[in-house]
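target17.cif follows; it contains mmCIF, C-alpha atoms (C1' of nucleotides).
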data_upload
loop_
_atom_site.label_atom_id
_atom_site.label_comp_id
_atom_site.auth_asym_id
_atom_site.auth_seq_id
_atom_site.Cartn_x
_atom_site.Cartn_y
_atom_site.Cartn_z
CA MET A 1 102.84 171.48 112.62
CA ALA A 2 105.77 173.60 111.61
CA GLU A 3 109.33 172.33 111.57
CA ARG A 4 111.91 173.61 113.96
CA LYS A 5 114.75 175.66 112.71
CA LEU A 6 117.84 173.80 113.78
CA SER A 7 120.14 176.76 113.38
CA SER A 8 118.26 179.13 115.70
CA THR A 9 119.55 180.36 119.03
CA ASN A 10 116.21 179.33 120.40
CA TYR A 11 116.86 175.73 119.41
CA ARG A 12 120.45 175.80 120.60
CA ASN A 13 119.40 177.02 124.02
CA GLN A 14 116.73 174.40 124.40
CA SER A 15 119.16 171.65 123.44
CA PHE A 16 121.77 173.07 125.78
CA LEU A 17 119.36 172.92 128.69
CA GLU A 18 118.06 169.47 127.83
CA GLU A 19 121.56 168.10 127.68
CA LYS A 20 122.50 169.79 130.91
CA CYS A 21 119.64 168.14 132.73
CA SER A 22 116.98 165.73 131.53
CA LEU A 23 114.49 167.46 133.79
CA ASN A 24 114.25 170.13 131.15
CA GLU A 25 113.20 167.61 128.55
CA LEU A 26 110.49 166.21 130.80
CA LEU A 27 109.29 169.70 131.59
CA ASP A 28 109.17 170.56 127.90
CA LEU A 29 106.76 167.68 127.52
CA VAL A 30 104.50 168.09 130.53
CA SER A 31 104.24 171.82 130.15
CA LYS A 32 102.82 171.64 126.66
CA ARG A 33 99.24 172.67 126.93
CA TRP A 34 96.79 169.85 127.78
CA VAL A 35 99.48 167.19 128.19
CA CYS A 36 98.99 166.68 131.94
CA ASP A 37 95.26 166.92 131.57
CA VAL A 38 95.18 164.28 128.86
CA LEU A 39 97.29 162.01 131.05
CA PHE A 40 94.99 162.53 134.03
CA SER A 41 91.91 162.01 131.92
CA ILE A 42 93.18 158.65 130.73
CA GLU A 43 94.19 157.71 134.25
CA GLU A 44 90.65 158.43 135.36
CA GLY A 45 89.34 155.93 132.87
CA ASN A 46 88.68 157.80 129.65
CA LYS A 47 90.00 155.41 127.06
CA ARG A 48 88.71 156.76 123.77
CA PHE A 49 89.66 159.79 121.74
CA LYS A 50 86.14 161.09 121.89
CA SER A 51 85.63 160.70 125.61
CA ILE A 52 88.92 162.41 126.38
CA LYS A 53 87.93 165.21 124.07
CA GLU A 54 84.59 165.62 125.79
CA ASP A 55 86.22 165.45 129.20
CA LEU A 56 88.58 168.30 128.35
CA THR A 57 85.93 170.61 126.88
CA PHE A 58 87.99 173.03 124.81
CA ILE A 59 90.71 170.83 123.35
CA SER A 60 90.76 170.52 119.56
CA ASP A 61 91.17 167.34 117.54
CA THR A 62 94.52 168.47 116.22
CA ILE A 63 96.03 169.11 119.61
CA LEU A 64 94.55 166.02 121.24
CA ALA A 65 95.93 163.81 118.48
CA ASP A 66 99.31 165.43 118.90
CA ARG A 67 99.37 165.10 122.69
CA LEU A 68 98.34 161.47 122.58
CA LYS A 69 101.13 160.78 120.15
CA LEU A 70 103.66 162.51 122.37
CA LEU A 71 102.57 160.69 125.51
CA GLU A 72 102.70 157.40 123.67
CA ARG A 73 106.14 158.17 122.28
CA TYR A 74 107.46 158.74 125.79
CA GLY A 75 105.85 155.52 127.01
CA PHE A 76 103.42 157.14 129.42
CA ILE A 77 100.36 155.75 127.67
CA GLU A 78 99.64 152.82 125.37
CA ARG A 79 97.49 152.76 122.29
CA ALA A 80 95.41 149.79 121.17
CA TYR A 81 93.85 149.90 117.73
CA PHE A 82 90.83 147.81 116.77
CA ASP A 83 90.14 147.46 113.08
CA GLU A 84 86.42 148.12 113.07
CA VAL A 85 84.09 150.57 111.43
CA PRO A 86 83.90 153.19 112.71
CA PRO A 87 87.46 152.74 114.01
CA ARG A 88 88.04 152.13 117.68
CA VAL A 89 91.18 153.06 119.57
CA GLU A 90 91.77 152.66 123.28
CA TYR A 91 94.36 154.42 125.38
CA THR A 92 95.60 153.25 128.74
CA ILE A 93 98.14 154.63 131.16
CA THR A 94 101.37 152.67 131.68
CA GLU A 95 103.27 152.06 134.89
CA LYS A 96 105.66 154.80 133.93
CA GLY A 97 102.71 157.05 133.30
CA GLU A 98 101.35 156.32 136.77
CA GLU A 99 104.70 157.25 138.23
CA LEU A 100 104.71 160.53 136.38
CA SER A 101 101.17 161.16 137.44
CA SER A 102 102.01 160.71 141.11
CA LEU A 103 104.96 163.09 140.83
CA LEU A 104 102.65 165.62 139.26
CA ASP A 105 100.19 165.08 142.09
CA ASN A 106 102.89 166.08 144.55
CA MET A 107 103.57 169.21 142.57
CA CYS A 108 99.88 169.91 142.46
CA LYS A 109 99.53 169.75 146.24
CA PHE A 110 102.51 172.02 146.58
CA SER A 111 101.16 174.48 144.04
CA GLU A 112 98.00 174.85 146.08
CA THR A 113 100.00 176.02 149.08
CA VAL A 114 101.97 178.44 146.92
CA HIS A 115 99.11 180.24 145.32
CA GLN A 116 97.61 181.59 148.50
CA TYR A 117 100.52 183.98 148.48
CA ILE A 118 99.99 185.34 145.03
CA THR A 119 97.33 187.97 144.89
CA GLU A 120 98.14 190.07 141.87
CA PRO A 121 98.16 188.55 138.40
CA VAL A 122 101.59 187.46 137.34
CA ARG A 123 102.43 188.59 133.85
CA LEU A 124 105.64 189.47 132.10
CA MET B 1 107.61 191.83 126.42
CA ALA B 2 104.41 191.84 124.44
CA GLU B 3 100.98 191.96 126.06
CA ARG B 4 98.66 189.00 125.95
CA LYS B 5 95.48 189.17 123.99
CA LEU B 6 92.75 188.54 126.54
CA SER B 7 90.16 187.63 123.93
CA SER B 8 92.10 184.83 122.26
CA THR B 9 91.19 181.18 122.46
CA ASN B 10 94.76 180.57 123.40
CA TYR B 11 94.34 182.73 126.51
CA ARG B 12 90.94 181.26 127.36
CA ASN B 13 92.32 177.74 127.22
CA GLN B 14 95.28 178.56 129.41
CA SER B 15 93.01 180.22 131.98
CA PHE B 16 90.62 177.30 131.85
CA LEU B 17 93.40 174.87 132.66
CA GLU B 18 94.90 177.04 135.37
CA GLU B 19 91.56 177.33 137.10
CA LYS B 20 90.91 173.65 136.77
CA CYS B 21 94.15 172.82 138.53
CA SER B 22 96.82 175.06 139.99
CA LEU B 23 99.42 172.56 138.82
CA ASN B 24 99.06 174.08 135.39
CA GLU B 25 99.98 177.49 136.72
CA LEU B 26 103.07 176.16 138.44
CA LEU B 27 104.04 174.28 135.30
CA ASP B 28 103.60 177.41 133.22
CA LEU B 29 106.18 179.02 135.46
CA VAL B 30 108.78 176.28 135.81
CA SER B 31 108.65 175.32 132.18
CA LYS B 32 109.58 178.75 130.95
CA ARG B 33 113.05 178.46 129.60
CA TRP B 34 115.84 178.90 132.17
CA VAL B 35 113.50 179.21 135.16
CA CYS B 36 114.54 175.97 136.87
CA ASP B 37 118.14 176.57 136.00
CA VAL B 38 118.11 180.04 137.51
CA LEU B 39 116.54 178.61 140.66
CA PHE B 40 119.15 175.87 140.89
CA SER B 41 121.97 178.30 140.23
CA ILE B 42 120.87 180.49 143.12
CA GLU B 43 120.43 177.46 145.33
CA GLU B 44 124.00 176.48 144.56
CA GLY B 45 125.19 179.83 145.86
CA ASN B 46 125.24 182.21 142.93
CA LYS B 47 123.85 185.36 144.45
CA ARG B 48 124.55 188.04 141.88
CA PHE B 49 123.05 188.78 138.51
CA LYS B 50 126.39 188.50 136.86
CA SER B 51 127.44 185.22 138.43
CA ILE B 52 124.13 183.60 137.56
CA LYS B 53 124.53 184.84 134.02
CA GLU B 54 128.01 183.40 133.76
CA ASP B 55 126.87 180.14 135.30
CA LEU B 56 124.17 179.69 132.68
CA THR B 57 126.37 180.49 129.67
CA PHE B 58 123.81 181.37 126.98
CA ILE B 59 121.14 183.27 128.91
CA SER B 60 120.62 186.91 127.94
CA ASP B 61 120.24 189.89 130.28
CA THR B 62 116.64 190.38 129.24
CA ILE B 63 115.57 186.85 129.97
CA LEU B 64 117.55 186.57 133.18
CA ALA B 65 116.01 189.78 134.51
CA ASP B 66 112.58 188.51 133.61
CA ARG B 67 113.06 185.09 135.20
CA LEU B 68 114.43 186.59 138.40
CA LYS B 69 111.40 188.83 138.61
CA LEU B 70 109.03 185.92 138.09
CA LEU B 71 110.71 183.75 140.70
CA GLU B 72 110.65 186.63 143.15
CA ARG B 73 106.99 187.32 142.45
CA TYR B 74 106.11 183.74 143.29
CA GLY B 75 108.17 183.90 146.47
CA PHE B 76 110.73 181.32 145.45
CA ILE B 77 113.67 183.71 145.74
CA GLU B 78 114.34 186.95 147.57
CA ARG B 79 116.04 190.03 146.26
CA ALA B 80 118.22 192.29 148.40
CA TYR B 81 119.29 195.62 146.93
CA PHE B 82 122.35 197.51 148.14
CA ASP B 83 122.57 201.16 147.14
CA GLU B 84 126.17 201.30 146.05
CA VAL B 85 127.99 202.21 142.89
CA PRO B 86 128.04 200.11 140.85
CA PRO B 87 124.82 198.68 142.25
CA ARG B 88 124.81 195.39 144.09
CA VAL B 89 121.89 193.03 144.25
CA GLU B 90 121.82 189.67 145.96
CA TYR B 91 119.39 186.86 145.36
CA THR B 92 118.74 184.03 147.79
CA ILE B 93 116.41 181.07 147.68
CA THR B 94 113.48 181.01 150.12
CA GLU B 95 112.09 178.07 152.05
CA LYS B 96 109.34 177.76 149.50
CA GLY B 97 111.96 177.81 146.79
CA GLU B 98 113.83 174.98 148.47
CA GLU B 99 110.62 172.98 148.57
CA LEU B 100 110.07 173.52 144.89
CA SER B 101 113.64 172.63 144.17
CA SER B 102 113.33 169.31 145.97
CA LEU B 103 110.16 168.46 144.06
CA LEU B 104 112.01 169.23 140.86
CA ASP B 105 114.86 167.03 141.99
CA ASN B 106 112.43 164.13 142.26
CA MET B 107 111.20 164.79 138.76
CA CYS B 108 114.76 164.98 137.60
CA LYS B 109 115.62 161.57 138.98
CA PHE B 110 112.51 160.18 137.37
CA SER B 111 113.29 161.78 134.05
CA GLU B 112 116.65 160.06 133.98
CA THR B 113 114.98 156.66 134.18
CA VAL B 114 112.54 157.63 131.44
CA HIS B 115 114.98 158.77 128.85
CA GLN B 116 116.79 155.49 128.50
CA TYR B 117 113.66 154.37 126.66
CA ILE B 118 113.61 157.13 124.14
CA THR B 119 115.97 156.55 121.30
CA GLU B 120 114.60 158.52 118.40
CA PRO B 121 114.24 162.28 118.61
CA VAL B 122 110.78 163.36 119.66
CA ARG B 123 109.36 166.06 117.44
CA LEU B 124 105.85 166.99 116.37
"C1'" DA C 1 70.84 158.42 98.26
"C1'" DT C 2 72.31 160.59 102.23
"C1'" DA C 3 73.80 161.49 106.74
"C1'" DG C 4 76.28 159.93 110.63
"C1'" DT C 5 80.10 157.57 112.83
"C1'" DT C 6 85.50 157.70 114.92
"C1'" DA C 7 89.95 158.92 114.99
"C1'" DC C 8 92.47 161.04 112.93
"C1'" DT C 9 95.76 164.35 108.98
"C1'" DC C 10 96.91 168.52 106.46
"C1'" DA C 11 97.60 173.43 105.48
"C1'" DT C 12 97.29 177.68 107.25
"C1'" DA C 13 96.56 181.59 110.43
"C1'" DA C 14 96.88 183.67 114.90
"C1'" DA C 15 99.02 184.22 119.22
"C1'" DT C 16 102.82 183.96 122.14
"C1'" DA C 17 107.57 183.21 123.78
"C1'" DA C 18 112.38 183.94 123.19
"C1'" DA C 19 116.24 186.44 121.45
"C1'" DT C 20 118.55 190.74 119.82
"C1'" DT C 21 119.94 195.38 120.07
"C1'" DA C 22 120.26 199.50 122.16
"C1'" DG C 23 120.33 202.26 126.04
"C1'" DC C 24 120.20 204.04 131.06
"C1'" DT C 25 122.00 205.03 135.96
"C1'" DA C 26 125.59 207.29 138.92
"C1'" DT C 27 130.19 207.22 140.41
"C1'" DG C 28 135.21 206.13 140.45
"C1'" DG C 29 139.58 205.68 137.95
"C1'" DC C 30 142.39 207.29 134.15
"C1'" DG D 1 136.04 214.33 129.47
"C1'" DC D 2 135.71 209.42 128.66
"C1'" DC D 3 135.24 204.77 129.70
"C1'" DA D 4 133.95 200.98 132.75
"C1'" DT D 5 130.84 198.97 136.02
"C1'" DA D 6 126.14 196.05 137.49
"C1'" DG D 7 121.75 195.36 136.88
"C1'" DC D 8 118.62 196.27 134.68
"C1'" DT D 9 114.30 198.22 130.75
"C1'" DA D 10 112.15 199.03 126.17
"C1'" DA D 11 111.40 198.21 121.42
"C1'" DT D 12 111.81 195.17 117.85
"C1'" DT D 13 112.60 190.83 115.27
"C1'" DT D 14 112.57 185.90 114.95
"C1'" DA D 15 111.00 181.40 116.18
"C1'" DT D 16 107.73 178.47 117.88
"C1'" DT D 17 103.30 176.93 119.69
"C1'" DT D 18 98.46 176.77 119.51
"C1'" DA D 19 94.16 177.04 117.13
"C1'" DT D 20 91.05 176.73 112.92
"C1'" DG D 21 88.74 174.67 109.25
"C1'" DA D 22 88.55 171.36 106.03
"C1'" DG D 23 88.87 166.66 104.63
"C1'" DT D 24 89.60 161.20 104.93
"C1'" DA D 25 88.09 155.93 105.28
"C1'" DA D 26 84.55 152.65 105.09
"C1'" DC D 27 80.76 151.05 106.83
"C1'" DT D 28 75.68 151.55 109.16
"C1'" DA D 29 71.22 153.31 109.91
"C1'" DT D 30 67.49 156.12 107.84
#
Structure encoded using structure tokens:
Amino acid sequence: MAERKLSSTNYRNQSFLEEKCSLNELLDLVSKRWVCDVLFSIEEGNKRFKSIKEDLTFISDTILADRLKLLERYGFIERAYFDEVPPRVEYTITEKGEELSSLLDNMCKFSETVHQYITEPVRL
Amino acid sequence: MAERKLSSTNYRNQSFLEEKCSLNELLDLVSKRWVCDVLFSIEEGNKRFKSIKEDLTFISDTILADRLKLLERYGFIERAYFDEVPPRVEYTITEKGEELSSLLDNMCKFSETVHQYITEPVRL
DNA sequence: ATAGTTACTCATAAATAAATTAGCTATGGC
DNA sequence: GCCATAGCTAATTTATTTATGAGTAACTAT
């Protein structure tokens, strides 16, 4: 995927916000498409690339691979590789991942109470 | 700002996820750049367009106007207009906004414990 | 010999989000 | 008559994210 342009205002603003508050960095991660859903899928017991992919219906290989890598990098999931043919890889959620998941659950409950109030589509 | 293309896979996937779980819709909102920061700024007592703008340093008029509109649409802030010259508008946080803010505070505390573990920059 | 398997990577194209620039409103002060 | 003011909007450009389509290893079953 494309490189970021370090000299852009876009980049400067993102960095500014992330430094101001680490919440912004966490939000940048969990708001990337499929990230939460991949985490939840693993939490529910889908360990393998293929079963996660099937669970999430429309996700592509490229994006799933990327999201798994991100979640691993942040320590929310762990990856175990078995040198077989065909290759086998198993993902599991970490303690930190469980913590994140429960915070997201809270937000989810809250979001359900919010959306009763929104009738018209919200678009920019 | 530009219209969305309703026939794109991108749009279908976003809709799919939002329908699957309303968390995704809430995350789409709060992860838009500056949204949380605007909310927090208002919570801290900045009522006017200009003072919020000054508080957030790099935000532009366009984006601030958009984010205020979004937050109002979701019922997290309220807008009061006073017909004076020059015009005066005051924003205040709602109860629902306070709730959201406290959920975000929890995430913020969590994110601080996470980031000690990340040493190298995370990039795709 | 060929097709199927899993968990990916790479290059590119399409879609979207964010930033920039300009302008608008009506009145009061100079 | 001209500029400043606050809180915006619209059109455009730039940057970034997401999706697509192809290809890889190395073995197994047909």
* Tell me the residues of chain B close to chain A, meaning within 6 Å using all atoms listed in the file, as a PyMOL selection string. => chain B and resi 22-23+27+31+108+111
* Identify every residue of chain B that has at least one atom within 8 Å of any atom of chain C, counting only C-alpha atoms (C1' of nucleotides), and report the result as a PyMOL selection string. => chain B and resi 4-5+8+10+60+85-86
Produce a file of the selected residues containing C-alpha atoms, as a short mmCIF file (atom, residue, chain, number, x, y, z; two decimals), keeping the file's coordinate frame.
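Output (result.cif):
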data_model
loop_
_atom_site.label_atom_id
_atom_site.label_comp_id
_atom_site.auth_asym_id
_atom_site.auth_seq_id
_atom_site.Cartn_x
_atom_site.Cartn_y
_atom_site.Cartn_z
CA ARG B 4 98.66 189.00 125.95
CA LYS B 5 95.48 189.17 123.99
CA SER B 8 92.10 184.83 122.26
CA ASN B 10 94.76 180.57 123.40
CA SER B 60 120.62 186.91 127.94
CA VAL B 85 127.99 202.21 142.89
CA PRO B 86 128.04 200.11 140.85
#
Give me the least-squares superposed chain A (reference chain B; all C-alpha atoms paired in order) as a PDB file with C-alpha atoms, in the frame of the given file.
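Now in superposed-v4.pdb:
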ATOM      1  CA  MET A   1     107.688 191.882 126.299  1.00  0.00           C
ATOM      2  CA  ALA A   2     104.464 191.794 124.376  1.00  0.00           C
ATOM      3  CA  GLU A   3     101.065 191.950 126.022  1.00  0.00           C
ATOM      4  CA  ARG A   4      98.723 189.031 125.995  1.00  0.00           C
ATOM      5  CA  LYS A   5      95.562 189.199 124.044  1.00  0.00           C
ATOM      6  CA  LEU A   6      92.831 188.576 126.555  1.00  0.00           C
ATOM      7  CA  SER A   7      90.233 187.681 123.974  1.00  0.00           C
ATOM      8  CA  SER A   8      92.179 184.857 122.310  1.00  0.00           C
ATOM      9  CA  THR A   9      91.241 181.202 122.478  1.00  0.00           C
ATOM     10  CA  ASN A  10      94.817 180.607 123.455  1.00  0.00           C
ATOM     11  CA  TYR A  11      94.377 182.746 126.552  1.00  0.00           C
ATOM     12  CA  ARG A  12      90.990 181.278 127.377  1.00  0.00           C
ATOM     13  CA  ASN A  13      92.373 177.762 127.270  1.00  0.00           C
ATOM     14  CA  GLN A  14      95.302 178.589 129.477  1.00  0.00           C
ATOM     15  CA  SER A  15      93.031 180.232 132.034  1.00  0.00           C
ATOM     16  CA  PHE A  16      90.640 177.307 131.864  1.00  0.00           C
ATOM     17  CA  LEU A  17      93.424 174.879 132.674  1.00  0.00           C
ATOM     18  CA  GLU A  18      94.911 177.027 135.414  1.00  0.00           C
ATOM     19  CA  GLU A  19      91.566 177.325 137.108  1.00  0.00           C
ATOM     20  CA  LYS A  20      90.917 173.633 136.766  1.00  0.00           C
ATOM     21  CA  CYS A  21      94.137 172.794 138.538  1.00  0.00           C
ATOM     22  CA  SER A  22      96.824 175.015 140.012  1.00  0.00           C
ATOM     23  CA  LEU A  23      99.424 172.532 138.841  1.00  0.00           C
ATOM     24  CA  ASN A  24      99.056 174.061 135.423  1.00  0.00           C
ATOM     25  CA  GLU A  25      99.976 177.473 136.736  1.00  0.00           C
ATOM     26  CA  LEU A  26     103.083 176.131 138.443  1.00  0.00           C
ATOM     27  CA  LEU A  27     104.048 174.268 135.306  1.00  0.00           C
ATOM     28  CA  ASP A  28     103.589 177.406 133.228  1.00  0.00           C
ATOM     29  CA  LEU A  29     106.184 179.008 135.453  1.00  0.00           C
ATOM     30  CA  VAL A  30     108.781 176.274 135.797  1.00  0.00           C
ATOM     31  CA  SER A  31     108.639 175.327 132.162  1.00  0.00           C
ATOM     32  CA  LYS A  32     109.586 178.770 130.946  1.00  0.00           C
ATOM     33  CA  ARG A  33     113.058 178.487 129.599  1.00  0.00           C
ATOM     34  CA  TRP A  34     115.852 178.928 132.183  1.00  0.00           C
ATOM     35  CA  VAL A  35     113.501 179.240 135.159  1.00  0.00           C
ATOM     36  CA  CYS A  36     114.538 175.980 136.849  1.00  0.00           C
ATOM     37  CA  ASP A  37     118.145 176.587 135.997  1.00  0.00           C
ATOM     38  CA  VAL A  38     118.104 180.053 137.516  1.00  0.00           C
ATOM     39  CA  LEU A  39     116.529 178.626 140.659  1.00  0.00           C
ATOM     40  CA  PHE A  40     119.152 175.885 140.885  1.00  0.00           C
ATOM     41  CA  SER A  41     121.954 178.320 140.233  1.00  0.00           C
ATOM     42  CA  ILE A  42     120.854 180.502 143.122  1.00  0.00           C
ATOM     43  CA  GLU A  43     120.419 177.467 145.336  1.00  0.00           C
ATOM     44  CA  GLU A  44     123.994 176.510 144.569  1.00  0.00           C
ATOM     45  CA  GLY A  45     125.184 179.837 145.867  1.00  0.00           C
ATOM     46  CA  ASN A  46     125.226 182.229 142.938  1.00  0.00           C
ATOM     47  CA  LYS A  47     123.798 185.364 144.454  1.00  0.00           C
ATOM     48  CA  ARG A  48     124.501 188.065 141.900  1.00  0.00           C
ATOM     49  CA  PHE A  49     123.008 188.787 138.516  1.00  0.00           C
ATOM     50  CA  LYS A  50     126.380 188.515 136.884  1.00  0.00           C
ATOM     51  CA  SER A  51     127.421 185.241 138.450  1.00  0.00           C
ATOM     52  CA  ILE A  52     124.120 183.610 137.565  1.00  0.00           C
ATOM     53  CA  LYS A  53     124.524 184.856 134.038  1.00  0.00           C
ATOM     54  CA  GLU A  54     128.013 183.423 133.796  1.00  0.00           C
ATOM     55  CA  ASP A  55     126.880 180.160 135.339  1.00  0.00           C
ATOM     56  CA  LEU A  56     124.172 179.717 132.715  1.00  0.00           C
ATOM     57  CA  THR A  57     126.373 180.511 129.707  1.00  0.00           C
ATOM     58  CA  PHE A  58     123.836 181.384 127.026  1.00  0.00           C
ATOM     59  CA  ILE A  59     121.161 183.269 128.939  1.00  0.00           C
ATOM     60  CA  SER A  60     120.630 186.899 127.939  1.00  0.00           C
ATOM     61  CA  ASP A  61     120.249 189.869 130.261  1.00  0.00           C
ATOM     62  CA  THR A  62     116.661 190.382 129.210  1.00  0.00           C
ATOM     63  CA  ILE A  63     115.569 186.861 129.976  1.00  0.00           C
ATOM     64  CA  LEU A  64     117.537 186.581 133.208  1.00  0.00           C
ATOM     65  CA  ALA A  65     116.009 189.804 134.506  1.00  0.00           C
ATOM     66  CA  ASP A  66     112.580 188.522 133.597  1.00  0.00           C
ATOM     67  CA  ARG A  67     113.063 185.108 135.208  1.00  0.00           C
ATOM     68  CA  LEU A  68     114.402 186.597 138.408  1.00  0.00           C
ATOM     69  CA  LYS A  69     111.386 188.841 138.594  1.00  0.00           C
ATOM     70  CA  LEU A  70     109.029 185.925 138.084  1.00  0.00           C
ATOM     71  CA  LEU A  71     110.697 183.753 140.704  1.00  0.00           C
ATOM     72  CA  GLU A  72     110.627 186.621 143.152  1.00  0.00           C
ATOM     73  CA  ARG A  73     106.974 187.319 142.424  1.00  0.00           C
ATOM     74  CA  TYR A  74     106.092 183.728 143.271  1.00  0.00           C
ATOM     75  CA  GLY A  75     108.145 183.888 146.466  1.00  0.00           C
ATOM     76  CA  PHE A  76     110.716 181.299 145.456  1.00  0.00           C
ATOM     77  CA  ILE A  77     113.628 183.706 145.740  1.00  0.00           C
ATOM     78  CA  GLU A  78     114.301 186.954 147.582  1.00  0.00           C
ATOM     79  CA  ARG A  79     116.013 190.041 146.296  1.00  0.00           C
ATOM     80  CA  ALA A  80     118.190 192.332 148.395  1.00  0.00           C
ATOM     81  CA  TYR A  81     119.255 195.639 146.907  1.00  0.00           C
ATOM     82  CA  PHE A  82     122.299 197.557 148.117  1.00  0.00           C
ATOM     83  CA  ASP A  83     122.515 201.177 147.088  1.00  0.00           C
ATOM     84  CA  GLU A  84     126.122 201.300 145.971  1.00  0.00           C
ATOM     85  CA  VAL A  85     127.971 202.173 142.818  1.00  0.00           C
ATOM     86  CA  PRO A  86     128.087 200.069 140.793  1.00  0.00           C
ATOM     87  CA  PRO A  87     124.793 198.687 142.135  1.00  0.00           C
ATOM     88  CA  ARG A  88     124.772 195.436 144.035  1.00  0.00           C
ATOM     89  CA  VAL A  89     121.843 193.054 144.238  1.00  0.00           C
ATOM     90  CA  GLU A  90     121.798 189.691 145.958  1.00  0.00           C
ATOM     91  CA  TYR A  91     119.362 186.870 145.387  1.00  0.00           C
ATOM     92  CA  THR A  92     118.701 184.045 147.790  1.00  0.00           C
ATOM     93  CA  ILE A  93     116.393 181.066 147.675  1.00  0.00           C
ATOM     94  CA  THR A  94     113.459 180.977 150.111  1.00  0.00           C
ATOM     95  CA  GLU A  95     112.075 178.030 152.031  1.00  0.00           C
ATOM     96  CA  LYS A  96     109.332 177.726 149.476  1.00  0.00           C
ATOM     97  CA  GLY A  97     111.948 177.788 146.771  1.00  0.00           C
ATOM     98  CA  GLU A  98     113.825 174.948 148.453  1.00  0.00           C
ATOM     99  CA  GLU A  99     110.631 172.946 148.538  1.00  0.00           C
ATOM    100  CA  LEU A 100     110.066 173.500 144.856  1.00  0.00           C
ATOM    101  CA  SER A 101     113.643 172.622 144.156  1.00  0.00           C
ATOM    102  CA  SER A 102     113.351 169.290 145.942  1.00  0.00           C
ATOM    103  CA  LEU A 103     110.181 168.428 144.029  1.00  0.00           C
ATOM    104  CA  LEU A 104     112.013 169.206 140.829  1.00  0.00           C
ATOM    105  CA  ASP A 105     114.871 166.996 141.968  1.00  0.00           C
ATOM    106  CA  ASN A 106     112.446 164.100 142.242  1.00  0.00           C
ATOM    107  CA  MET A 107     111.217 164.766 138.745  1.00  0.00           C
ATOM    108  CA  CYS A 108     114.777 164.964 137.560  1.00  0.00           C
ATOM    109  CA  LYS A 109     115.647 161.538 138.954  1.00  0.00           C
ATOM    110  CA  PHE A 110     112.541 160.137 137.359  1.00  0.00           C
ATOM    111  CA  SER A 111     113.302 161.751 134.022  1.00  0.00           C
ATOM    112  CA  GLU A 112     116.660 160.018 133.950  1.00  0.00           C
ATOM    113  CA  THR A 113     114.982 156.625 134.156  1.00  0.00           C
ATOM    114  CA  VAL A 114     112.522 157.590 131.432  1.00  0.00           C
ATOM    115  CA  HIS A 115     114.960 158.706 128.826  1.00  0.00           C
ATOM    116  CA  GLN A 116     116.743 155.409 128.456  1.00  0.00           C
ATOM    117  CA  TYR A 117     113.647 154.306 126.617  1.00  0.00           C
ATOM    118  CA  ILE A 118     113.578 157.081 124.102  1.00  0.00           C
ATOM    119  CA  THR A 119     115.938 156.526 121.250  1.00  0.00           C
ATOM    120  CA  GLU A 120     114.537 158.513 118.374  1.00  0.00           C
ATOM    121  CA  PRO A 121     114.191 162.278 118.604  1.00  0.00           C
ATOM    122  CA  VAL A 122     110.766 163.331 119.717  1.00  0.00           C
ATOM    123  CA  ARG A 123     109.361 166.096 117.586  1.00  0.00           C
ATOM    124  CA  LEU A 124     105.877 167.111 116.601  1.00  0.00           C
TER     125      LEU A 124
END
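For chain B, the residues no farther than 8 Å from chain D when using all atoms listed in the file are Thr9, Asn10, Phe49, Lys50, Asp61, Ala65, Pro86, Pro87, Arg88 and Val89 of chain B.
Atom to atom, atom CA of Leu64 of chain B and atom CA of Ser15 of chain B stand 25.4 Å apart.
Across the model, the gap from atom CA of Glu44 of chain B to atom CA of Tyr11 of chain A is 26.2 Å.
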* **Shell of 9 Å around Gly97 of chain B, all atoms listed in the file, local chain residues under 4 positions omitted, as a PyMOL selection string** => chain B and resi 39+43+71+75-77+93+101-102
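When atom CA of Arg79 of chain A is paired with atom CA of Ile63 of chain A, their separation reads 16.6 Å.
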